[in-house]
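What's in entry.cif: mmCIF, C-alpha atoms and all ligand atoms
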data_my_file
#
loop_
_atom_site.label_atom_id
_atom_site.label_comp_id
_atom_site.auth_asym_id
_atom_site.auth_seq_id
_atom_site.Cartn_x
_atom_site.Cartn_y
_atom_site.Cartn_z
CA MET A 1 -18.35 -22.41 25.79
CA LYS A 2 -17.35 -25.03 28.32
CA ARG A 3 -17.11 -23.65 31.85
CA VAL A 4 -15.03 -25.21 34.61
CA TYR A 5 -15.25 -23.99 38.19
CA LEU A 6 -11.99 -24.51 40.08
CA ASP A 7 -12.40 -21.84 42.74
CA HIS A 8 -13.99 -23.86 45.53
CA SER A 9 -11.83 -22.23 48.19
CA ALA A 10 -13.58 -18.94 47.40
CA THR A 11 -17.00 -20.51 47.64
CA THR A 12 -18.76 -23.76 46.79
CA PRO A 13 -22.03 -24.37 44.98
CA LEU A 14 -24.93 -25.35 47.21
CA ASP A 15 -25.30 -29.13 47.43
CA PRO A 16 -28.81 -30.01 46.15
CA ARG A 17 -29.31 -32.15 49.27
CA VAL A 18 -28.61 -29.07 51.39
CA ARG A 19 -31.07 -27.03 49.36
CA ASP A 20 -33.74 -29.75 49.71
CA ALA A 21 -33.20 -29.93 53.46
CA MET A 22 -33.57 -26.16 53.83
CA MET A 23 -36.45 -25.40 51.49
CA PRO A 24 -39.46 -26.55 53.56
CA HIS A 25 -38.23 -24.55 56.54
CA PHE A 26 -38.40 -21.20 54.73
CA ASN A 27 -42.19 -21.67 54.58
CA ASP A 28 -43.02 -23.94 57.47
CA HIS A 29 -40.67 -22.62 60.13
CA PHE A 30 -40.46 -18.90 59.51
CA GLY A 31 -41.11 -18.09 63.17
CA ASN A 32 -38.67 -16.11 65.26
CA PRO A 33 -36.79 -18.63 67.42
CA SER A 34 -37.07 -16.22 70.36
CA SER A 35 -40.89 -16.07 70.23
CA VAL A 36 -42.70 -18.06 72.87
CA HIS A 37 -45.64 -19.13 70.69
CA SER A 38 -45.74 -22.36 68.70
CA TYR A 39 -44.24 -20.76 65.55
CA GLY A 40 -41.27 -19.57 67.57
CA ARG A 41 -40.90 -22.87 69.39
CA GLU A 42 -40.83 -24.79 66.12
CA ALA A 43 -38.10 -22.55 64.72
CA ARG A 44 -36.20 -22.83 68.03
CA ALA A 45 -36.38 -26.62 67.89
CA ILE A 46 -34.85 -26.85 64.41
CA LEU A 47 -32.24 -24.22 65.28
CA GLU A 48 -31.11 -26.16 68.36
CA GLU A 49 -31.12 -29.47 66.53
CA SER A 50 -28.90 -27.92 63.85
CA ARG A 51 -26.57 -26.43 66.46
CA ASP A 52 -26.25 -29.82 68.07
CA ARG A 53 -25.34 -31.52 64.79
CA ILE A 54 -22.74 -28.87 63.90
CA ALA A 55 -21.21 -29.07 67.39
CA ARG A 56 -20.88 -32.85 67.17
CA PHE A 57 -19.15 -32.49 63.79
CA ILE A 58 -16.21 -30.71 65.47
CA GLY A 59 -16.28 -32.56 68.79
CA ALA A 60 -17.80 -29.60 70.66
CA ARG A 61 -20.79 -29.23 72.98
CA SER A 62 -23.83 -27.47 71.60
CA ASP A 63 -23.65 -24.77 74.30
CA GLU A 64 -20.22 -23.82 72.91
CA MET A 65 -21.48 -23.10 69.34
CA PHE A 66 -22.84 -19.70 68.34
CA PHE A 67 -24.24 -18.84 64.93
CA THR A 68 -22.74 -15.91 63.03
CA SER A 69 -23.11 -14.49 59.53
CA GLY A 70 -19.99 -16.37 58.36
CA GLY A 71 -16.27 -16.78 58.83
CA THR A 72 -15.38 -13.08 58.84
CA GLU A 73 -17.73 -12.32 61.70
CA ALA A 74 -16.51 -15.34 63.67
CA ASP A 75 -12.86 -14.29 63.27
CA ASN A 76 -13.65 -10.69 64.24
CA HIS A 77 -15.66 -11.89 67.23
CA ALA A 78 -12.76 -14.06 68.37
CA LEU A 79 -10.08 -11.38 68.09
CA LEU A 80 -11.99 -8.32 69.25
CA GLY A 81 -13.97 -10.26 71.85
CA VAL A 82 -10.99 -11.93 73.52
CA ALA A 83 -8.84 -8.79 73.37
CA ARG A 84 -11.49 -6.58 74.94
CA ALA A 85 -12.14 -9.07 77.72
CA ALA A 86 -8.40 -9.49 78.38
CA ARG A 87 -7.65 -5.80 78.54
CA ARG A 88 -9.64 -5.63 81.77
CA LYS A 89 -6.96 -7.91 83.22
CA GLY A 90 -4.13 -5.77 81.83
CA LYS A 91 -3.20 -8.14 79.00
CA ASP A 92 -2.74 -6.49 75.64
CA HIS A 93 -0.31 -8.53 73.51
CA ILE A 94 -1.59 -10.65 70.61
CA ILE A 95 0.28 -13.15 68.48
CA THR A 96 -0.87 -14.00 64.98
CA SER A 97 0.88 -14.86 61.72
CA SER A 98 1.76 -13.02 58.54
CA ILE A 99 -0.23 -15.45 56.37
CA GLU A 100 -3.66 -15.09 57.98
CA HIS A 101 -6.79 -14.19 56.04
CA HIS A 102 -7.72 -10.50 56.11
CA ALA A 103 -10.60 -11.35 58.46
CA VAL A 104 -7.92 -11.90 61.11
CA LEU A 105 -5.24 -9.47 59.88
CA HIS A 106 -7.55 -6.49 59.60
CA ALA A 107 -9.26 -7.25 62.93
CA ALA A 108 -5.76 -7.31 64.48
CA GLU A 109 -4.97 -3.99 62.77
CA ARG A 110 -8.07 -2.51 64.38
CA LEU A 111 -6.85 -3.73 67.76
CA ARG A 112 -3.46 -2.15 67.13
CA GLU A 113 -5.23 1.18 66.62
CA ASP A 114 -6.89 0.58 70.00
CA GLY A 115 -3.47 0.24 71.63
CA PHE A 116 -2.87 -3.52 71.53
CA GLU A 117 0.55 -4.82 70.58
CA ILE A 118 0.29 -7.20 67.62
CA LEU A 119 3.09 -9.58 66.73
CA HIS A 120 3.08 -11.37 63.36
CA VAL A 121 5.02 -14.61 63.45
CA PRO A 122 6.57 -15.25 60.00
CA SER A 123 5.84 -18.26 57.83
CA ASP A 124 8.48 -20.40 56.17
CA HIS A 125 8.81 -20.68 52.37
CA ASN A 126 6.05 -23.33 52.38
CA GLY A 127 3.51 -21.11 54.17
CA TRP A 128 3.94 -23.02 57.43
CA VAL A 129 4.12 -21.36 60.83
CA ASP A 130 6.75 -22.89 63.11
CA PRO A 131 5.23 -23.59 66.57
CA ALA A 132 8.68 -22.81 68.07
CA ASP A 133 8.40 -19.24 66.71
CA VAL A 134 4.97 -18.89 68.31
CA ARG A 135 6.32 -20.16 71.62
CA ARG A 136 9.25 -17.71 71.49
CA ALA A 137 6.91 -14.80 70.79
CA ILE A 138 4.89 -15.30 74.01
CA LYS A 139 5.19 -12.52 76.60
CA PRO A 140 3.77 -12.25 80.12
CA ASN A 141 1.00 -9.98 78.80
CA THR A 142 0.02 -12.18 75.80
CA CYS A 143 -3.73 -12.72 75.86
CA LEU A 144 -4.40 -14.38 72.51
CA ILE A 145 -2.73 -16.54 69.88
CA SER A 146 -4.52 -16.70 66.53
CA ILE A 147 -3.05 -19.03 63.91
CA MET A 148 -5.03 -20.36 60.96
CA HIS A 149 -5.46 -24.10 60.45
CA ALA A 150 -4.85 -24.22 56.68
CA ASN A 151 -4.00 -21.31 54.48
CA ASN A 152 -6.65 -20.42 51.91
CA GLU A 153 -4.16 -19.52 49.16
CA VAL A 154 -1.62 -22.34 49.29
CA GLY A 155 -3.36 -24.96 51.45
CA THR A 156 -0.52 -25.55 53.94
CA ILE A 157 -1.78 -27.05 57.20
CA ASN A 158 -0.35 -25.71 60.44
CA SER A 159 0.53 -27.80 63.49
CA LEU A 160 -2.24 -26.55 65.76
CA ALA A 161 -1.85 -29.24 68.42
CA GLU A 162 1.72 -28.11 69.09
CA ILE A 163 0.80 -24.42 69.14
CA SER A 164 -2.07 -25.10 71.53
CA VAL A 165 0.29 -26.81 73.99
CA ALA A 166 2.42 -23.64 74.08
CA ALA A 167 -0.70 -21.53 74.63
CA LYS A 168 -2.10 -23.81 77.37
CA GLU A 169 1.18 -23.82 79.31
CA ARG A 170 0.94 -20.05 79.66
CA GLY A 171 -2.83 -19.79 80.09
CA ILE A 172 -3.28 -18.00 76.75
CA VAL A 173 -6.48 -18.24 74.70
CA PHE A 174 -5.92 -20.01 71.37
CA HIS A 175 -8.04 -19.16 68.34
CA SER A 176 -7.81 -20.75 64.91
CA ASP A 177 -9.38 -19.74 61.62
CA THR A 178 -10.54 -23.16 60.45
CA VAL A 179 -12.66 -21.83 57.58
CA GLN A 180 -10.71 -23.76 54.93
CA THR A 181 -10.26 -27.03 56.83
CA ILE A 182 -13.73 -27.77 58.19
CA GLY A 183 -15.37 -30.17 55.79
CA LYS A 184 -12.05 -31.02 54.09
CA ILE A 185 -10.11 -32.68 56.90
CA LYS A 186 -11.18 -33.82 60.34
CA VAL A 187 -11.26 -30.99 62.86
CA ASP A 188 -11.75 -31.83 66.52
CA VAL A 189 -11.55 -28.97 68.99
CA ASN A 190 -10.29 -31.16 71.81
CA ARG A 191 -7.71 -33.08 69.83
CA LEU A 192 -6.33 -29.80 68.46
CA GLY A 193 -6.69 -27.95 71.79
CA ILE A 194 -8.52 -24.98 70.28
CA ASP A 195 -10.41 -22.49 72.48
CA LEU A 196 -12.13 -20.64 69.65
CA LEU A 197 -12.63 -21.35 65.99
CA ALA A 198 -14.36 -19.87 62.96
CA ILE A 199 -16.59 -21.83 60.53
CA SER A 200 -18.25 -20.75 57.31
CA ALA A 201 -20.99 -22.88 55.72
CA HIS A 202 -20.53 -21.66 52.14
CA LYS A 203 -17.03 -23.15 52.01
CA PHE A 204 -18.44 -26.69 52.22
CA TYR A 205 -21.55 -26.69 50.02
CA GLY A 206 -23.79 -24.97 52.57
CA PRO A 207 -25.59 -21.63 52.21
CA LYS A 208 -23.89 -18.24 52.25
CA GLY A 209 -24.67 -15.87 55.11
CA ILE A 210 -24.21 -18.32 57.97
CA GLY A 211 -21.26 -19.58 59.96
CA ALA A 212 -20.38 -20.13 63.57
CA ILE A 213 -17.90 -19.41 66.28
CA TYR A 214 -16.93 -22.12 68.72
CA ILE A 215 -16.12 -20.76 72.18
CA ARG A 216 -14.74 -23.24 74.70
CA ARG A 217 -16.61 -23.13 78.02
CA GLY A 218 -15.07 -20.67 80.44
CA THR A 219 -13.30 -18.54 77.79
CA ALA A 220 -13.78 -14.83 78.40
CA VAL A 221 -15.05 -13.24 75.16
CA GLU A 222 -16.98 -10.01 74.85
CA PRO A 223 -19.83 -9.90 72.34
CA LEU A 224 -19.37 -8.09 69.06
CA LEU A 225 -23.03 -7.24 68.49
CA HIS A 226 -25.26 -5.74 71.13
CA GLY A 227 -29.04 -6.01 71.21
CA GLY A 228 -31.29 -8.91 72.15
CA SER A 229 -30.27 -11.88 74.24
CA GLN A 230 -30.00 -14.34 71.36
CA GLU A 231 -27.23 -16.96 71.26
CA SER A 232 -26.95 -16.94 75.08
CA ASN A 233 -26.18 -13.20 75.03
CA ARG A 234 -23.14 -13.77 72.86
CA ARG A 235 -24.51 -12.61 69.50
CA ALA A 236 -27.54 -10.36 69.29
CA GLY A 237 -29.88 -10.61 66.30
CA THR A 238 -32.64 -12.96 65.11
CA GLU A 239 -31.22 -16.32 64.12
CA ASN A 240 -31.91 -17.80 60.67
CA ALA A 241 -33.25 -21.27 61.38
CA PRO A 242 -33.59 -22.44 57.72
CA LEU A 243 -29.96 -21.50 56.99
CA ALA A 244 -28.90 -23.30 60.16
CA VAL A 245 -30.63 -26.45 58.84
CA GLY A 246 -28.64 -26.13 55.60
CA PHE A 247 -25.43 -25.56 57.54
CA ALA A 248 -26.02 -28.71 59.61
CA LYS A 249 -26.91 -30.77 56.53
CA ALA A 250 -23.74 -29.59 54.77
CA ALA A 251 -21.68 -30.59 57.83
CA GLU A 252 -23.37 -33.99 57.98
CA LEU A 253 -22.63 -34.64 54.28
CA CYS A 254 -18.98 -33.69 54.76
CA ASP A 255 -18.75 -36.02 57.73
CA GLU A 256 -20.03 -38.84 55.51
CA LEU A 257 -18.06 -38.02 52.37
CA MET A 258 -14.83 -36.43 53.63
CA GLU A 259 -12.62 -39.50 53.48
CA GLU A 260 -13.73 -40.57 50.03
CA GLU A 261 -13.52 -36.99 48.72
CA ALA A 262 -10.04 -36.47 50.10
CA GLY A 263 -8.85 -39.56 48.20
CA ARG A 264 -10.40 -38.27 44.99
CA PHE A 265 -8.94 -34.78 45.49
CA TRP A 266 -5.44 -36.20 46.05
CA ARG A 267 -5.68 -38.12 42.79
CA LEU A 268 -6.90 -35.11 40.77
CA ARG A 269 -4.43 -32.76 42.47
CA GLU A 270 -1.61 -35.13 41.59
CA ILE A 271 -2.66 -35.25 37.93
CA LEU A 272 -2.67 -31.46 37.81
CA ARG A 273 0.54 -31.04 39.79
CA GLN A 274 2.45 -33.42 37.53
CA ARG A 275 1.17 -31.76 34.39
CA LEU A 276 2.13 -28.30 35.65
CA GLN A 277 5.54 -29.40 36.83
CA ASN A 278 6.38 -31.43 33.72
CA GLU A 279 4.91 -29.19 31.06
CA PHE A 280 5.56 -25.59 32.13
CA LYS A 281 8.87 -23.77 32.33
CA GLY A 282 9.64 -21.95 35.59
CA ILE A 283 6.67 -23.32 37.53
CA ILE A 284 6.82 -23.31 41.34
CA ILE A 285 4.30 -25.35 43.32
CA ASN A 286 3.38 -23.31 46.38
CA GLY A 287 2.67 -24.80 49.78
CA HIS A 288 3.97 -27.64 51.90
CA PRO A 289 4.74 -30.83 49.95
CA THR A 290 2.82 -33.10 52.34
CA GLU A 291 1.09 -31.00 55.04
CA VAL A 292 -1.35 -29.50 52.57
CA LEU A 293 -5.08 -29.60 51.85
CA PRO A 294 -5.95 -32.14 49.16
CA ASN A 295 -8.22 -29.74 47.27
CA ILE A 296 -5.86 -26.78 46.79
CA LEU A 297 -3.05 -26.53 44.26
CA SER A 298 -1.28 -23.20 43.92
CA ALA A 299 1.39 -22.62 41.28
CA SER A 300 3.45 -19.55 40.41
CA PHE A 301 5.48 -18.72 37.34
CA ASP A 302 8.98 -17.73 38.41
CA SER A 303 9.46 -14.19 37.08
CA SER A 304 13.15 -14.83 36.35
CA ILE A 305 12.30 -17.76 34.03
CA THR A 306 8.78 -17.21 32.68
CA PRO A 307 7.77 -13.58 33.28
CA LEU A 308 3.98 -13.32 32.99
CA ASP A 309 1.41 -10.69 33.81
CA GLY A 310 -0.69 -12.12 36.66
CA GLU A 311 -3.88 -10.26 35.85
CA ALA A 312 -3.78 -11.32 32.19
CA LEU A 313 -3.18 -14.90 33.29
CA ILE A 314 -6.38 -15.09 35.36
CA MET A 315 -8.39 -13.17 32.75
CA GLY A 316 -7.03 -15.48 30.05
CA MET A 317 -8.15 -18.54 32.01
CA ASP A 318 -11.58 -16.98 32.44
CA LEU A 319 -11.80 -16.42 28.68
CA GLU A 320 -11.05 -20.14 28.28
CA GLY A 321 -13.97 -20.82 30.65
CA VAL A 322 -11.85 -21.80 33.65
CA ALA A 323 -12.60 -20.02 36.93
CA VAL A 324 -9.46 -19.83 39.06
CA THR A 325 -7.89 -17.14 41.17
CA SER A 326 -4.41 -15.79 41.66
CA GLY A 327 -4.51 -15.65 45.42
CA SER A 328 -4.01 -11.93 45.06
CA ALA A 329 -6.40 -9.37 46.39
CA CYS A 330 -8.09 -7.21 43.82
CA THR A 331 -8.06 -3.68 45.13
CA SER A 332 -9.70 -0.96 43.05
CA GLY A 333 -9.19 -2.88 39.83
CA SER A 334 -5.48 -3.59 40.21
CA LEU A 335 -3.98 -6.80 41.49
CA GLU A 336 -2.01 -6.49 44.69
CA PRO A 337 0.59 -9.20 45.16
CA SER A 338 -0.61 -11.72 47.71
CA HIS A 339 0.62 -11.02 51.25
CA VAL A 340 0.80 -14.79 51.77
CA LEU A 341 3.10 -15.45 48.80
CA ARG A 342 5.19 -12.40 49.67
CA ALA A 343 5.51 -13.70 53.25
CA MET A 344 6.65 -17.02 51.77
CA GLY A 345 9.47 -15.20 50.00
CA ARG A 346 8.13 -14.92 46.44
CA ASP A 347 9.13 -11.74 44.61
CA GLU A 348 6.30 -9.38 43.62
CA LYS A 349 6.04 -10.42 39.96
CA THR A 350 6.17 -14.14 40.75
CA ALA A 351 3.54 -13.68 43.47
CA LYS A 352 1.27 -11.96 40.97
CA ALA A 353 1.77 -14.66 38.32
CA THR A 354 0.04 -17.29 40.44
CA VAL A 355 -2.87 -19.59 39.75
CA ARG A 356 -4.76 -21.25 42.59
CA PHE A 357 -6.82 -24.25 41.52
CA SER A 358 -9.27 -25.41 44.17
CA LEU A 359 -11.17 -28.61 43.55
CA GLY A 360 -14.68 -29.47 44.66
CA ARG A 361 -17.26 -32.21 45.13
CA TRP A 362 -18.16 -32.40 41.44
CA THR A 363 -14.75 -31.72 39.87
CA THR A 364 -13.89 -34.39 37.28
CA GLU A 365 -10.61 -35.60 35.83
CA GLU A 366 -11.72 -34.27 32.46
CA GLU A 367 -12.14 -30.80 33.97
CA VAL A 368 -8.68 -30.90 35.50
CA GLU A 369 -7.20 -31.90 32.13
CA TYR A 370 -9.19 -29.14 30.45
CA ALA A 371 -7.77 -26.60 32.93
CA ALA A 372 -4.21 -27.73 32.18
CA GLU A 373 -4.86 -27.39 28.44
CA ALA A 374 -6.37 -23.95 28.98
CA LEU A 375 -3.27 -22.88 30.90
CA HIS A 376 -1.12 -23.98 27.96
CA LYS A 377 -3.15 -21.86 25.56
CA VAL A 378 -3.10 -18.82 27.83
CA VAL A 379 0.61 -19.00 28.64
CA SER A 380 1.69 -19.51 25.04
CA ARG A 381 -0.53 -16.62 23.93
CA MET A 382 1.00 -14.42 26.62
CA GLU A 383 4.56 -15.46 25.84
CA ARG A 384 4.04 -14.32 22.28
CA VAL A 385 3.15 -10.80 23.43
CA MET A 386 5.45 -10.50 26.47
CA PRO A 387 8.91 -9.07 25.85
CA SER A 388 11.45 -11.79 26.67
N1 LIG A 401 -10.92 -17.14 56.68
C1 LIG A 401 -10.48 -17.82 55.62
C2 LIG A 401 -9.23 -18.64 55.73
C3 LIG A 401 -11.16 -17.75 54.40
O1 LIG A 401 -10.70 -18.41 53.33
C4 LIG A 401 -12.34 -16.95 54.33
C5 LIG A 401 -13.04 -16.78 53.04
O2 LIG A 401 -12.45 -16.70 51.99
C6 LIG A 401 -12.77 -16.29 55.48
C7 LIG A 401 -12.04 -16.41 56.65
C8 LIG A 401 -14.01 -15.45 55.48
O3 LIG A 401 -15.16 -16.26 55.49
P1 LIG A 401 -16.59 -15.68 55.02
O4 LIG A 401 -16.55 -15.56 53.54
O5 LIG A 401 -17.59 -16.72 55.47
O6 LIG A 401 -16.80 -14.40 55.71
#
Let me see the file written as structure tokens.
Ligand code: PLP
Amino acid sequence: MKRVYLDHSATTPLDPRVRDAMMPHFNDHFGNPSSVHSYGREARAILEESRDRIARFIGARSDEMFFTSGGTEADNHALLGVARAARRKGKDHIITSSIEHHAVLHAAERLREDGFEILHVPSDHNGWVDPADVRRAIKPNTCLISIMHANNEVGTINSLAEISVAAKERGIVFHSDTVQTIGKIKVDVNRLGIDLLAISAHKFYGPKGIGAIYIRRGTAVEPLLHGGSQESNRRAGTENAPLAVGFAKAAELCDELMEEEAGRFWRLREILRQRLQNEFKGIIINGHPTEVLPNILSASFDSSITPLDGEALIMGMDLEGVAVTSGSACTSGSLEPSHVLRAMGRDEKTAKATVRFSLGRWTTEEEVEYAAEALHKVVSRMERVMPS
């Protein structure tokens, strides 16, 4: 059976060029980068070279980049680390949004249990956070604002530069979860005015198990992990130099290919969007019409027009060989409606009946057409069994 992978926002395949760049280092540079002998020094050299290349990719300095296990750890480090450092100064109010990834939302929940006050700024019906709402939410004891760059379910891009101005004016640390934007659109920490950000290599054709946190010089952040003095005492644990090489190679490829890929994604996204909008009854395209990532297209079936079972929809697509997701979290075997779509005002059934297509480096027009055909088959099969 033909298989089509359209779930690149969940993870991407490893680019063969990334694999080739990493492979020799697993054998040749297995040393511990903290060891003083030649094996250690060799591993240290490739680790630092990789750090330097990743830092340049986002306009940062290499002494502001710290390797982590991925995006989740970087987000947790940002929230817990800033909050714990700020509490010493009596600041305990945190602003975030209702459409964040769970890596931020659940870290914030943990802080609430520790006595912090957490305020969730709402999103509009496009999944966009209004910077004016963030500004209004600031209090004298606000220590951190954490707003994601682009949402992973609907692709809407937030206006970080405006939010960062509001944060700077009041001396508040500004963190952004940039896991979905790095490698897709240009991210520059200075242009956007970000103090901390989270990166994950497996979202842009790099290896799983490595990411990074950017921490602007002078930002007070407590470490999350305690142990050795690796990563300038910010993140204990032996670094993985071969993965760092893959991470840097993946970043370098994105730097080279981003513009051309974005153009291709827009074209394919437009083909898919038009087909969905023209050929399906009750379809709603989720996300901002223009301020949106080129590689994500999320569509819901309006429950008042085309009532569909969300779980069966995704399973049906899988049976047709098309890997997509609903944007809903699967908890103990049952689909929970997405908190993002609910925050955008979708009712529970509509939120569940959602398909997120996310395109990637090797997605072809033929695959996009195949996915649209598959959706036709699945929906018409379901309509036959669903009570009208
Ligand atoms: N933040 C966002 C917006 C994401 O989409 C993801 C992954 O889906 C993460 C954080 C977590 O990243 P990782 O899988 O590297 O832990």
Handout entry: Who sits within 8 Å of Tyr214 in chain A, all atoms listed in the file, same chain under 6 positions skipped, as a list in words
Key = Ala60, Glu64, Met65, Phe66, Asp195, Leu196, Leu197 and Ala198 of chain A
Exercise for the section: Excluding Lys139 in chain A and residues on its chain fewer than 5 positions from it, collect all residues at most 12 Å away from it, counting all atoms listed in the file, and give them as a PyMOL selection string. Expected result: chain A and resi 91-95+117-119+134+144-145+166-167+170-172
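Proximity to ligand LIG 401 (chain A) was assessed for A:Ser358, A:Asn152, A:Ser97, A:Ser229 counting all atoms listed in the file; the smallest distance is recorded for A:Asn152.
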8 Å shell around ligand LIG 401 (chain A) using all atoms listed in the file, listed as a CSV table (one decimal) with C-alpha atoms, in the coordinates of the input:
chain,number,residue,atom,x,y,z
A,9,SER,CA,-11.8,-22.2,48.2
A,10,ALA,CA,-13.6,-18.9,47.4
A,11,THR,CA,-17.0,-20.5,47.6
A,69,SER,CA,-23.1,-14.5,59.5
A,70,GLY,CA,-20.0,-16.4,58.4
A,71,GLY,CA,-16.3,-16.8,58.8
A,72,THR,CA,-15.4,-13.1,58.8
A,73,GLU,CA,-17.7,-12.3,61.7
A,75,ASP,CA,-12.9,-14.3,63.3
A,100,GLU,CA,-3.7,-15.1,58.0
A,101,HIS,CA,-6.8,-14.2,56.0
A,102,HIS,CA,-7.7,-10.5,56.1
A,103,ALA,CA,-10.6,-11.4,58.5
A,104,VAL,CA,-7.9,-11.9,61.1
A,148,MET,CA,-5.0,-20.4,61.0
A,150,ALA,CA,-4.8,-24.2,56.7
A,151,ASN,CA,-4.0,-21.3,54.5
A,152,ASN,CA,-6.6,-20.4,51.9
A,153,GLU,CA,-4.2,-19.5,49.2
A,177,ASP,CA,-9.4,-19.7,61.6
A,178,THR,CA,-10.5,-23.2,60.4
A,179,VAL,CA,-12.7,-21.8,57.6
A,180,GLN,CA,-10.7,-23.8,54.9
A,198,ALA,CA,-14.4,-19.9,63.0
A,199,ILE,CA,-16.6,-21.8,60.5
A,200,SER,CA,-18.2,-20.8,57.3
A,201,ALA,CA,-21.0,-22.9,55.7
A,202,HIS,CA,-20.5,-21.7,52.1
A,203,LYS,CA,-17.0,-23.2,52.0
A,208,LYS,CA,-23.9,-18.2,52.2
A,209,GLY,CA,-24.7,-15.9,55.1
A,210,ILE,CA,-24.2,-18.3,58.0
A,211,GLY,CA,-21.3,-19.6,60.0
Handout entry: Surrounding residues of range 32-47 of chain A excluding itself and chain neighbours under 6 positions, 12 Å, all atoms listed in the file, as a PyMOL selection string
Key = chain A and resi 21-22+24-26+53-54+62+65-67+228-232+236-249
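Summary of the local environment: counting all atoms listed in the file, residues at most 12 Å from Glu365 in chain A, other than itself and those fewer than 3 positions away along its chain, are Val4, Leu6, Arg264, Phe265, Trp266, Arg267, Leu268, Arg269, Glu270, Ile271, Leu272, Leu359, Gly360, Arg361, Trp362, Val368, Glu369, Tyr370, Ala371 and Ala372 of chain A.
For the set A:Asp255, A:Met344, A:Asp309, A:Ser123, the residue with the smallest atom-to-atom gap to Val385 in chain A is A:Asp309, counting all atoms listed in the file.
Among A:Val221, A:Ile182, A:Val165, A:Val187, the residue with the shortest atom-to-atom distance to Ala85 in chain A, counting all atoms listed in the file, is A:Val221.
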Exercise for the section: Find the residue from A:Thr290, A:Lys168, A:Arg61, A:Ala132 that sits nearest to Arg217 in chain A; use only C-alpha atoms when measuring. Expected result: A:Arg61
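In this structure, CA of Tyr5 in chain A sits 23.6 Å away from CA of Glu252 in chain A.
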Handout entry: Shell of 8 Å around Ala161 in chain A, all atoms listed in the file, local chain residues under 4 positions omitted, as an NGL selection string
Key = :A and (165 or 191-193)
Handout entry: Selected residue, from A:Arg110, A:Arg88, A:His77, A:Lys377, that lies nearest to Leu319 in chain A when counting only C-alpha atoms
Key = A:Lys377
Fix up range 69-80 of chain A with N, CA and C atoms, then write it as a compact mmCIF listing (two decimals), in the coordinates of the input.
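The new file selection-v7.txt reads:
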# COMPACT_ATOMS: atom_id res chain seq x y z
N SER A 69 -22.78 -14.66 60.95
CA SER A 69 -23.11 -14.49 59.53
C SER A 69 -22.10 -15.19 58.63
N GLY A 70 -21.01 -15.69 59.19
CA GLY A 70 -19.99 -16.37 58.36
C GLY A 70 -18.64 -16.36 59.05
N GLY A 71 -17.61 -16.67 58.28
CA GLY A 71 -16.27 -16.78 58.83
C GLY A 71 -15.70 -15.44 59.28
N THR A 72 -15.94 -14.40 58.50
CA THR A 72 -15.38 -13.08 58.84
C THR A 72 -15.88 -12.62 60.20
N GLU A 73 -17.19 -12.75 60.41
CA GLU A 73 -17.73 -12.32 61.70
C GLU A 73 -17.16 -13.17 62.84
N ALA A 74 -17.04 -14.46 62.61
CA ALA A 74 -16.51 -15.34 63.67
C ALA A 74 -15.07 -14.96 64.02
N ASP A 75 -14.24 -14.70 63.01
CA ASP A 75 -12.86 -14.29 63.27
C ASP A 75 -12.81 -12.96 64.01
N ASN A 76 -13.62 -12.00 63.57
CA ASN A 76 -13.65 -10.69 64.24
C ASN A 76 -14.11 -10.83 65.68
N HIS A 77 -15.13 -11.68 65.88
CA HIS A 77 -15.66 -11.89 67.23
C HIS A 77 -14.55 -12.46 68.13
N ALA A 78 -13.82 -13.42 67.58
CA ALA A 78 -12.76 -14.06 68.37
C ALA A 78 -11.69 -13.03 68.77
N LEU A 79 -11.19 -12.30 67.79
CA LEU A 79 -10.08 -11.38 68.09
C LEU A 79 -10.53 -10.21 68.97
N LEU A 80 -11.56 -9.51 68.50
CA LEU A 80 -11.99 -8.32 69.25
C LEU A 80 -12.57 -8.72 70.60
